[in-house]
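Note: the block below is target08.pdb and it holds PDB, C-alpha atoms and all ligand atoms.
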```pdb
ATOM      1  CA  MET U  58      89.274 119.060 103.587
ATOM      2  CA  HIS U  59      90.347 115.482 104.019
ATOM      3  CA  VAL U  60      91.106 113.032 106.775
ATOM      4  CA  ASP U  61      94.604 111.574 106.942
ATOM      5  CA  PRO U  62      95.036 107.997 105.720
ATOM      6  CA  ILE U  63      96.129 105.315 108.197
ATOM      7  CA  LEU U  64      99.639 104.468 106.968
ATOM      8  CA  LYS U  65     100.816 100.852 107.140
ATOM      9  CA  THR U  66     104.246  99.456 107.934
ATOM     10  CA  LYS U  67     105.933  96.913 105.646
ATOM     11  CA  GLU U  68     104.997  94.222 108.145
ATOM     12  CA  GLU U  69     101.329  95.239 108.137
ATOM     13  CA  ILE U  70     101.300  95.318 104.336
ATOM     14  CA  GLY U  71     102.687  91.780 104.525
ATOM     15  CA  TYR U  72      99.697  90.686 106.634
ATOM     16  CA  MET U  73      97.311  92.276 104.143
ATOM     17  CA  ARG U  74      99.097  90.470 101.340
ATOM     18  CA  GLU U  75      98.376  87.159 103.104
ATOM     19  CA  ALA U  76      94.670  88.033 103.141
ATOM     20  CA  GLY U  77      95.048  89.019  99.487
ATOM     21  CA  ARG U  78      96.617  85.683  98.554
ATOM     22  CA  ILE U  79      93.704  83.792 100.072
ATOM     23  CA  LEU U  80      91.303  86.119  98.264
ATOM     24  CA  ARG U  81      92.966  85.633  94.866
ATOM     25  CA  SER U  82      93.063  81.888  95.307
ATOM     26  CA  CYS U  83      89.352  82.008  96.159
ATOM     27  CA  HIS U  84      88.706  84.025  92.982
ATOM     28  CA  GLU U  85      90.566  81.386  90.951
ATOM     29  CA  HIS U  86      88.222  78.750  92.351
ATOM     30  CA  ILE U  87      85.163  80.915  91.702
ATOM     31  CA  GLU U  88      86.146  81.194  88.058
ATOM     32  CA  LYS U  89      86.020  77.392  87.801
ATOM     33  CA  TRP U  90      82.777  77.087  89.794
ATOM     34  CA  LEU U  91      80.942  79.576  87.558
ATOM     35  CA  THR U  92      79.405  77.350  84.896
ATOM     36  CA  PRO U  93      75.903  77.498  83.375
ATOM     37  CA  GLY U  94      73.274  76.357  85.903
ATOM     38  CA  VAL U  95      75.190  77.340  89.018
ATOM     39  CA  THR U  96      73.631  79.983  91.305
ATOM     40  CA  THR U  97      75.317  82.888  93.054
ATOM     41  CA  GLY U  98      73.945  81.403  96.292
ATOM     42  CA  ASP U  99      75.987  78.243  95.590
ATOM     43  CA  ILE U 100      79.084  80.339  94.977
ATOM     44  CA  ASN U 101      78.519  82.278  98.187
ATOM     45  CA  GLU U 102      78.320  79.032 100.204
ATOM     46  CA  ARG U 103      81.460  77.663  98.635
ATOM     47  CA  VAL U 104      83.320  80.900  99.350
ATOM     48  CA  GLU U 105      82.357  80.715 103.020
ATOM     49  CA  ALA U 106      83.627  77.136 103.247
ATOM     50  CA  PHE U 107      86.806  78.014 101.331
ATOM     51  CA  LEU U 108      87.644  80.855 103.721
ATOM     52  CA  ALA U 109      86.787  78.831 106.836
ATOM     53  CA  GLU U 110      89.190  76.076 105.732
ATOM     54  CA  ARG U 111      91.957  78.670 105.527
ATOM     55  CA  GLY U 112      91.324  80.363 108.866
ATOM     56  CA  ALA U 113      89.927  83.481 107.210
ATOM     57  CA  THR U 114      86.550  85.220 107.484
ATOM     58  CA  PRO U 115      84.321  87.164 105.066
ATOM     59  CA  GLU U 116      84.469  90.737 106.337
ATOM     60  CA  GLN U 117      81.457  91.903 104.324
ATOM     61  CA  LYS U 118      79.060  89.599 106.188
ATOM     62  CA  GLY U 119      77.378  91.759 108.827
ATOM     63  CA  TYR U 120      79.154  94.919 107.654
ATOM     64  CA  LYS U 121      76.555  97.714 107.964
ATOM     65  CA  GLY U 122      73.986  94.913 107.981
ATOM     66  CA  TYR U 123      75.080  93.394 104.651
ATOM     67  CA  PRO U 124      73.852  89.797 104.960
ATOM     68  CA  TYR U 125      76.282  87.769 102.823
ATOM     69  CA  ALA U 126      79.946  86.860 102.476
ATOM     70  CA  THR U 127      80.028  88.001  98.860
ATOM     71  CA  CYS U 128      78.324  90.545  96.642
ATOM     72  CA  ALA U 129      77.156  88.903  93.421
ATOM     73  CA  SER U 130      76.043  91.351  90.738
ATOM     74  CA  VAL U 131      74.616  89.925  87.515
ATOM     75  CA  ASN U 132      74.386  91.776  84.152
ATOM     76  CA  GLU U 133      72.577  95.121  84.694
ATOM     77  CA  VAL U 134      73.147  94.812  88.445
ATOM     78  CA  VAL U 135      76.530  96.449  88.827
ATOM     79  CA  CYS U 136      77.270  96.355  92.542
ATOM     80  CA  HIS U 137      76.236  94.929  95.945
ATOM     81  CA  GLY U 138      73.842  92.340  94.498
ATOM     82  CA  PHE U 139      72.649  89.636  96.894
ATOM     83  CA  PRO U 140      73.632  86.045  96.129
ATOM     84  CA  ASP U 141      70.415  84.169  95.239
ATOM     85  CA  ASP U 142      69.040  80.949  93.751
ATOM     86  CA  ARG U 143      68.639  82.033  90.130
ATOM     87  CA  GLU U 144      70.610  79.813  87.756
ATOM     88  CA  LEU U 145      73.205  81.614  85.669
ATOM     89  CA  SER U 146      73.193  80.974  81.935
ATOM     90  CA  THR U 147      75.621  81.274  79.061
ATOM     91  CA  GLY U 148      76.240  84.892  78.162
ATOM     92  CA  ASP U 149      75.660  86.287  81.658
ATOM     93  CA  VAL U 150      78.334  88.222  83.491
ATOM     94  CA  VAL U 151      78.651  88.223  87.253
ATOM     95  CA  THR U 152      80.828  90.369  89.495
ATOM     96  CA  ILE U 153      81.888  88.683  92.709
ATOM     97  CA  ASP U 154      83.131  91.194  95.293
ATOM     98  CA  MET U 155      84.503  90.204  98.664
ATOM     99  CA  VAL U 156      86.707  91.301 101.519
ATOM    100  CA  VAL U 157      88.837  88.680 103.255
ATOM    101  CA  ASN U 158      89.895  89.054 106.882
ATOM    102  CA  LYS U 159      92.982  87.100 107.878
ATOM    103  CA  ASP U 160      94.163  87.678 111.460
ATOM    104  CA  GLY U 161      92.515  91.115 111.556
ATOM    105  CA  TRP U 162      93.973  92.411 108.292
ATOM    106  CA  LEU U 163      91.875  92.853 105.168
ATOM    107  CA  ALA U 164      92.081  92.602 101.401
ATOM    108  CA  ASP U 165      89.349  93.565  98.936
ATOM    109  CA  SER U 166      88.927  92.480  95.332
ATOM    110  CA  ALA U 167      85.983  92.314  92.955
ATOM    111  CA  TRP U 168      86.173  90.538  89.611
ATOM    112  CA  THR U 169      83.726  90.067  86.738
ATOM    113  CA  TYR U 170      83.362  86.623  85.189
ATOM    114  CA  GLY U 171      81.548  85.533  82.079
ATOM    115  CA  ILE U 172      79.348  82.429  82.111
ATOM    116  CA  GLY U 173      80.198  80.442  78.981
ATOM    117  CA  GLU U 174      80.628  82.683  75.929
ATOM    118  CA  GLN U 175      79.992  86.438  75.974
ATOM    119  CA  ARG U 176      78.817  88.736  73.209
ATOM    120  CA  LYS U 177      81.765  90.485  71.598
ATOM    121  CA  SER U 178      80.694  93.887  72.962
ATOM    122  CA  ILE U 179      80.702  92.505  76.500
ATOM    123  CA  ARG U 180      84.072  90.810  76.050
ATOM    124  CA  LYS U 181      85.466  94.190  74.999
ATOM    125  CA  LEU U 182      83.858  95.945  77.954
ATOM    126  CA  MET U 183      85.475  93.420  80.305
ATOM    127  CA  LYS U 184      88.953  93.719  78.761
ATOM    128  CA  ARG U 185      88.896  97.501  78.664
ATOM    129  CA  THR U 186      87.650  97.910  82.231
ATOM    130  CA  GLU U 187      90.391  95.614  83.479
ATOM    131  CA  ARG U 188      92.871  97.647  81.434
ATOM    132  CA  ALA U 189      91.580 100.865  83.036
ATOM    133  CA  LEU U 190      92.256  99.326  86.450
ATOM    134  CA  HIS U 191      95.818  98.484  85.485
ATOM    135  CA  LYS U 192      96.479 101.916  84.005
ATOM    136  CA  ALA U 193      95.339 103.440  87.268
ATOM    137  CA  ILE U 194      97.435 101.034  89.340
ATOM    138  CA  ALA U 195     100.546 101.989  87.352
ATOM    139  CA  LEU U 196     100.091 105.550  88.649
ATOM    140  CA  ALA U 197      99.809 104.463  92.295
ATOM    141  CA  VAL U 198     103.263 105.679  93.313
ATOM    142  CA  PRO U 199     104.484 108.248  95.856
ATOM    143  CA  GLY U 200     104.205 111.792  94.505
ATOM    144  CA  ASN U 201     101.247 111.115  92.222
ATOM    145  CA  THR U 202      97.758 112.120  93.358
ATOM    146  CA  LEU U 203      94.361 110.515  93.689
ATOM    147  CA  GLY U 204      93.301 112.771  90.802
ATOM    148  CA  ASP U 205      95.910 111.084  88.590
ATOM    149  CA  ILE U 206      94.360 107.698  89.376
ATOM    150  CA  GLY U 207      90.799 108.863  88.784
ATOM    151  CA  ASN U 208      91.831 110.604  85.599
ATOM    152  CA  ALA U 209      93.360 107.443  84.115
ATOM    153  CA  ILE U 210      90.089 105.606  84.727
ATOM    154  CA  GLU U 211      87.936 108.436  83.406
ATOM    155  CA  ARG U 212      89.969 108.861  80.225
ATOM    156  CA  THR U 213      89.729 105.176  79.397
ATOM    157  CA  ALA U 214      85.945 105.189  79.864
ATOM    158  CA  ARG U 215      85.526 108.330  77.772
ATOM    159  CA  PHE U 216      87.669 106.978  74.954
ATOM    160  CA  TYR U 217      85.337 103.993  74.535
ATOM    161  CA  ARG U 218      82.159 105.946  75.435
ATOM    162  CA  TYR U 219      81.433 103.731  78.395
ATOM    163  CA  GLY U 220      79.571 104.928  81.464
ATOM    164  CA  ILE U 221      81.399 105.227  84.770
ATOM    165  CA  VAL U 222      79.390 104.313  87.863
ATOM    166  CA  LYS U 223      80.414 107.334  89.900
ATOM    167  CA  PRO U 224      78.716 106.816  93.280
ATOM    168  CA  LEU U 225      80.736 103.639  93.928
ATOM    169  CA  ILE U 226      84.294 104.442  94.816
ATOM    170  CA  GLY U 227      87.548 103.004  96.068
ATOM    171  CA  HIS U 228      88.861 103.617  99.560
ATOM    172  CA  GLY U 229      91.676 103.199 101.998
ATOM    173  CA  ILE U 230      91.728  99.772 103.670
ATOM    174  CA  GLY U 231      93.605  98.049 106.481
ATOM    175  CA  GLN U 232      91.969  96.744 109.640
ATOM    176  CA  TYR U 233      88.740  98.386 108.462
ATOM    177  CA  ILE U 234      86.987  97.974 105.104
ATOM    178  CA  HIS U 235      86.542 101.664 104.530
ATOM    179  CA  GLU U 236      89.313 104.007 105.625
ATOM    180  CA  PRO U 237      90.213 107.412 104.227
ATOM    181  CA  PRO U 238      90.827 108.472 101.510
ATOM    182  CA  ASN U 239      88.057 108.121  98.939
ATOM    183  CA  VAL U 240      89.428 106.911  95.608
ATOM    184  CA  LEU U 241      87.179 108.287  92.884
ATOM    185  CA  PRO U 242      86.940 106.678  89.428
ATOM    186  CA  TYR U 243      87.256 110.090  87.754
ATOM    187  CA  GLY U 244      89.241 113.249  88.337
ATOM    188  CA  LYS U 245      91.748 115.798  87.177
ATOM    189  CA  ARG U 246      95.465 115.178  86.956
ATOM    190  CA  ARG U 247      97.680 116.661  89.691
ATOM    191  CA  THR U 248      94.697 117.299  91.990
ATOM    192  CA  GLY U 249      93.588 115.705  95.241
ATOM    193  CA  MET U 250      95.565 113.993  97.969
ATOM    194  CA  MET U 251      99.166 113.104  97.235
ATOM    195  CA  LEU U 252     100.028 109.430  97.515
ATOM    196  CA  THR U 253     102.696 108.509 100.044
ATOM    197  CA  GLU U 254     104.497 105.336 101.050
ATOM    198  CA  GLY U 255     102.430 103.182 103.403
ATOM    199  CA  MET U 256      99.024 104.078 101.979
ATOM    200  CA  VAL U 257      96.894 101.103 100.995
ATOM    201  CA  ILE U 258      93.902 101.746  98.758
ATOM    202  CA  THR U 259      91.408  99.932  96.607
ATOM    203  CA  ILE U 260      90.970 100.912  92.969
ATOM    204  CA  GLU U 261      87.667  99.614  91.637
ATOM    205  CA  PRO U 262      86.286 101.019  88.377
ATOM    206  CA  ILE U 263      82.801  99.976  87.273
ATOM    207  CA  PHE U 264      82.096 100.635  83.575
ATOM    208  CA  THR U 265      78.775 100.207  81.794
ATOM    209  CA  ARG U 266      78.016  99.709  78.112
ATOM    210  CA  GLY U 267      75.575 102.616  78.230
ATOM    211  CA  SER U 268      77.407 105.930  78.277
ATOM    212  CA  SER U 269      75.526 107.437  81.238
ATOM    213  CA  GLY U 270      76.632 105.115  84.042
ATOM    214  CA  ALA U 271      73.618 106.297  86.076
ATOM    215  CA  VAL U 272      72.403 103.808  88.693
ATOM    216  CA  VAL U 273      69.474 103.233  91.046
ATOM    217  CA  TRP U 274      69.199 101.304  94.296
ATOM    218  CA  ASP U 275      66.604  98.549  94.762
ATOM    219  CA  GLU U 276      64.254  98.631  97.736
ATOM    220  CA  ASP U 277      66.525  96.181  99.577
ATOM    221  CA  GLY U 278      68.847  99.163 100.065
ATOM    222  CA  TRP U 279      71.831  97.358  98.526
ATOM    223  CA  THR U 280      71.339  96.117  94.962
ATOM    224  CA  VAL U 281      72.620  98.727  92.498
ATOM    225  CA  ARG U 282      71.490  98.545  88.868
ATOM    226  CA  THR U 283      71.911 100.736  85.803
ATOM    227  CA  VAL U 284      69.076 103.116  84.955
ATOM    228  CA  ASP U 285      69.308 102.323  81.225
ATOM    229  CA  GLY U 286      69.504  98.555  81.794
ATOM    230  CA  SER U 287      72.935  98.297  80.188
ATOM    231  CA  TRP U 288      75.327  95.779  81.675
ATOM    232  CA  GLY U 289      78.264  96.722  83.850
ATOM    233  CA  VAL U 290      81.512  95.105  84.934
ATOM    234  CA  GLN U 291      84.029  95.782  87.698
ATOM    235  CA  TYR U 292      87.652  94.988  88.422
ATOM    236  CA  GLU U 293      89.096  95.819  91.813
ATOM    237  CA  HIS U 294      92.477  95.343  93.436
ATOM    238  CA  THR U 295      93.896  96.340  96.802
ATOM    239  CA  VAL U 296      97.148  98.214  96.188
ATOM    240  CA  ALA U 297      99.931  99.371  98.536
ATOM    241  CA  ILE U 298     101.900 102.518  97.739
ATOM    242  CA  THR U 299     105.602 101.744  98.179
ATOM    243  CA  GLY U 300     108.951 103.263  97.282
ATOM    244  CA  ASP U 301     109.464 100.343  94.880
ATOM    245  CA  GLY U 302     106.287 100.966  92.878
ATOM    246  CA  PRO U 303     102.686  99.807  93.163
ATOM    247  CA  LEU U 304     102.318  96.568  95.104
ATOM    248  CA  ILE U 305      99.111  94.725  94.187
ATOM    249  CA  LEU U 306      98.090  92.767  97.294
ATOM    250  CA  THR U 307      95.277  90.812  95.636
ATOM    251  CA  ASP U 308      96.942  89.331  92.542
ATOM    252  CA  GLY U 309      98.188  86.236  94.335
ATOM    253  CA  THR U 310     101.893  87.112  94.110
TER     254      THR U 310
HETATM  255  N1  LIG N   1      83.994  95.236  98.770
HETATM  256  C1  LIG N   1      83.305  96.498  98.751
HETATM  257  C2  LIG N   1      84.177  97.555  98.153
HETATM  258  O1  LIG N   1      84.780  97.291  97.159
HETATM  259  C3  LIG N   1      82.664  96.843 100.022
HETATM  260  C4  LIG N   1      81.445  96.057 100.125
HETATM  261  S1  LIG N   1      80.274  96.845 101.018
HETATM  262  C5  LIG N   1      79.473  95.552 101.768
HETATM  263  O2  LIG N   1      84.267  98.679  98.615
HETATM  264  F1  LIG N   1      78.654  96.055 102.589
HETATM  265  F2  LIG N   1      78.943  94.824 100.860
HETATM  266  F3  LIG N   1      80.332  94.846 102.409
HETATM  267 CO    CO N   2      85.288  95.176  96.968
END
```
Since I need it in another form, could you write the structure as structure tokens?
Ligand code: MF3
Ligand code: CO
Amino acid sequence: MHVDPILKTKEEIGYMREAGRILRSCHEHIEKWLTPGVTTGDINERVEAFLAERGATPEQKGYKGYPYATCASVNEVVCHGFPDDRELSTGDVVTIDMVVNKDGWLADSAWTYGIGEQRKSIRKLMKRTERALHKAIALAVPGNTLGDIGNAIERTARFYRYGIVKPLIGHGIGQYIHEPPNVLPYGKRRTGMMLTEGMVITIEPIFTRGSSGAVVWDEDGWTVRTVDGSWGVQYEHTVAITGDGPLILTDGT
């Protein structure tokens, strides 16, 4: 059983791409802002100002009661961390996740940044998770299935013995953050919903250095951290399925 996706016209995909351009440009600024001593609270404030200057709004703020414009997840926190006033130091990694609303149309992208220099094992984790995202995106064409996408992510994680954070999944997106279908970061080839032109989905693998990928929620109801304390990273793009191949709406092109 599944619910039909809300298909988008070329024009609507164009609006989402505008939101995506603002989002990518914001990410490029974040990368520069993230130096030792800065706090995720500072970053969150700057993001709000950045979006306001461009006539865009942070869709996550107030979504299901989430209190901030961005999610900022540091080290063993892998998702939905609250921006706070702890200073980041060299070696840390932080995932900034946000959804930009421009004229009612949305784009969603999370990215993991290193503060200063990272340990080699963490640099590898970052590179390989980003590569898993791109392998999955390459399969986001009409006629392939959601299982093909999940399978590409799962195989990459297994090859390197990384954990996959399975409860946190991609989704359809458009005028709402979460539309059908669910986009799982694991799966079997040739199974699940078939992709068709006009679908717009997020693909958002989270890999951990520990091979279990198991997570727990803090008492705040949001912050997600690994059970084994291993660090995790995430790379997420919003992607449109088109007859001309995968169109990444959040890479700034
Ligand atoms: N950006 C998230 C995603 O990738 C959604 C964030 S949930 C929120 O699916 F509540 F924090 F907004
Ligand atoms: Co996101």
Residues selected by the PyMOL selection byres (((not hetatm)) within 9 of (chain N and resi 1)), written as a VMD selection string: chain U and resid 116 to 128 136 to 138 154 to 156 164 to 167 225 to 228 234 to 235 259 to 261 279 293 to 294
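A straight line drawn from CA of Asp285 (chain U) to CA of Leu241 (chain U) is 22.2 Å long.
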Evaluate the PyMOL selection byres (((chain U and resi 99-114) around 9) and not hetatm) here and jot the selected residues down as a ChimeraX atom specification. /U:76,79-80,83-84,86-87,90-91,95-98,115-118,125-129,140-142,156-160
Return the single residue from U:Gly244, U:Pro262, U:Gly220, U:Gly309 that is closest to ligand CO 2 (chain N), with distances computed using all atoms listed in the file.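 Of the candidates, the smallest distance to ligand CO 2 (chain N) is held by U:Pro262.
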Tell me, in Å to one decimal, how far CA of Tyr233 (chain U) is from CA of Thr186 (chain U). 26.3 Å
Given the file shown, enumerate the residues that the PyMOL selection byres (((chain U and resi 231) around 10) and not hetatm) captures and present them as JSON, numbers by chain. {"U": [63, 64, 65, 69, 70, 72, 73, 158, 161, 162, 163, 164, 165, 229, 230, 232, 233, 234, 235, 236, 256, 257, 258, 295]}
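CA of Tyr217 (chain U) sits 28.1 Å away from CA of Asp275 (chain U).
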Near Met250 (chain U), within 12 Å and counting all atoms listed in the file, which residues show up once chain neighbours fewer than 4 positions away are dropped, as a ChimeraX atom specification? /U:58-62,197,199-207,237-241,244-246,256
Just checking: using all atoms listed in the file, which residue out of U:Val273, U:Ile263, U:Ile221, U:Val131 ends up closest to ligand CO 2 (chain N)?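 Closest residue, counting all atoms listed in the file: U:Ile263.
Nearest residue to Val290 (chain U), choosing from U:Gly255, U:Gly302, U:Gly171, U:Gly278 and counting all atoms listed in the file: U:Gly171.
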Counting all atoms listed in the file, which of U:Trp168, U:Tyr219, U:Trp288, U:Tyr243 gets nearest to ligand CO 2 (chain N)?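 With all atoms listed in the file as the atom set, the closest residue is U:Trp168.
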Check the smallest atom-to-atom distance from each of U:Val272, U:Val135, U:Ile153, U:Val222 to ligand CO 2 (chain N) using only C-alpha atoms and all ligand atoms, then report the winner.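 Selected residue with least distance to ligand CO 2 (chain N): U:Ile153.
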Could you give me, as a ChimeraX atom specification, the residues within 8 Å of Arg218 (chain U), counting all atoms listed in the file and dropping anything in the same chain fewer than 5 positions from it? /U:266-268
Please enclose the listed atoms of region 268-284 of chain U in an axis-aligned box, pad each side by 5 Å, and write out the centre and the three edge lengths in Å, rounded to one decimal, as lines of an AutoDock Vina configuration file.
```
center_x = 70.8
center_y = 101.8
center_z = 89.2
size_x = 23.2
size_y = 21.3
size_z = 31.8
```
Here is a test: counting only C-alpha atoms and all ligand atoms, which residue of U:Thr283, U:Ser269, U:Thr92, U:Gln291 is nearest to ligand CO 2 (chain N)?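 Comparing U:Thr283, U:Ser269, U:Thr92, U:Gln291 against ligand CO 2 (chain N), the winner is U:Gln291.
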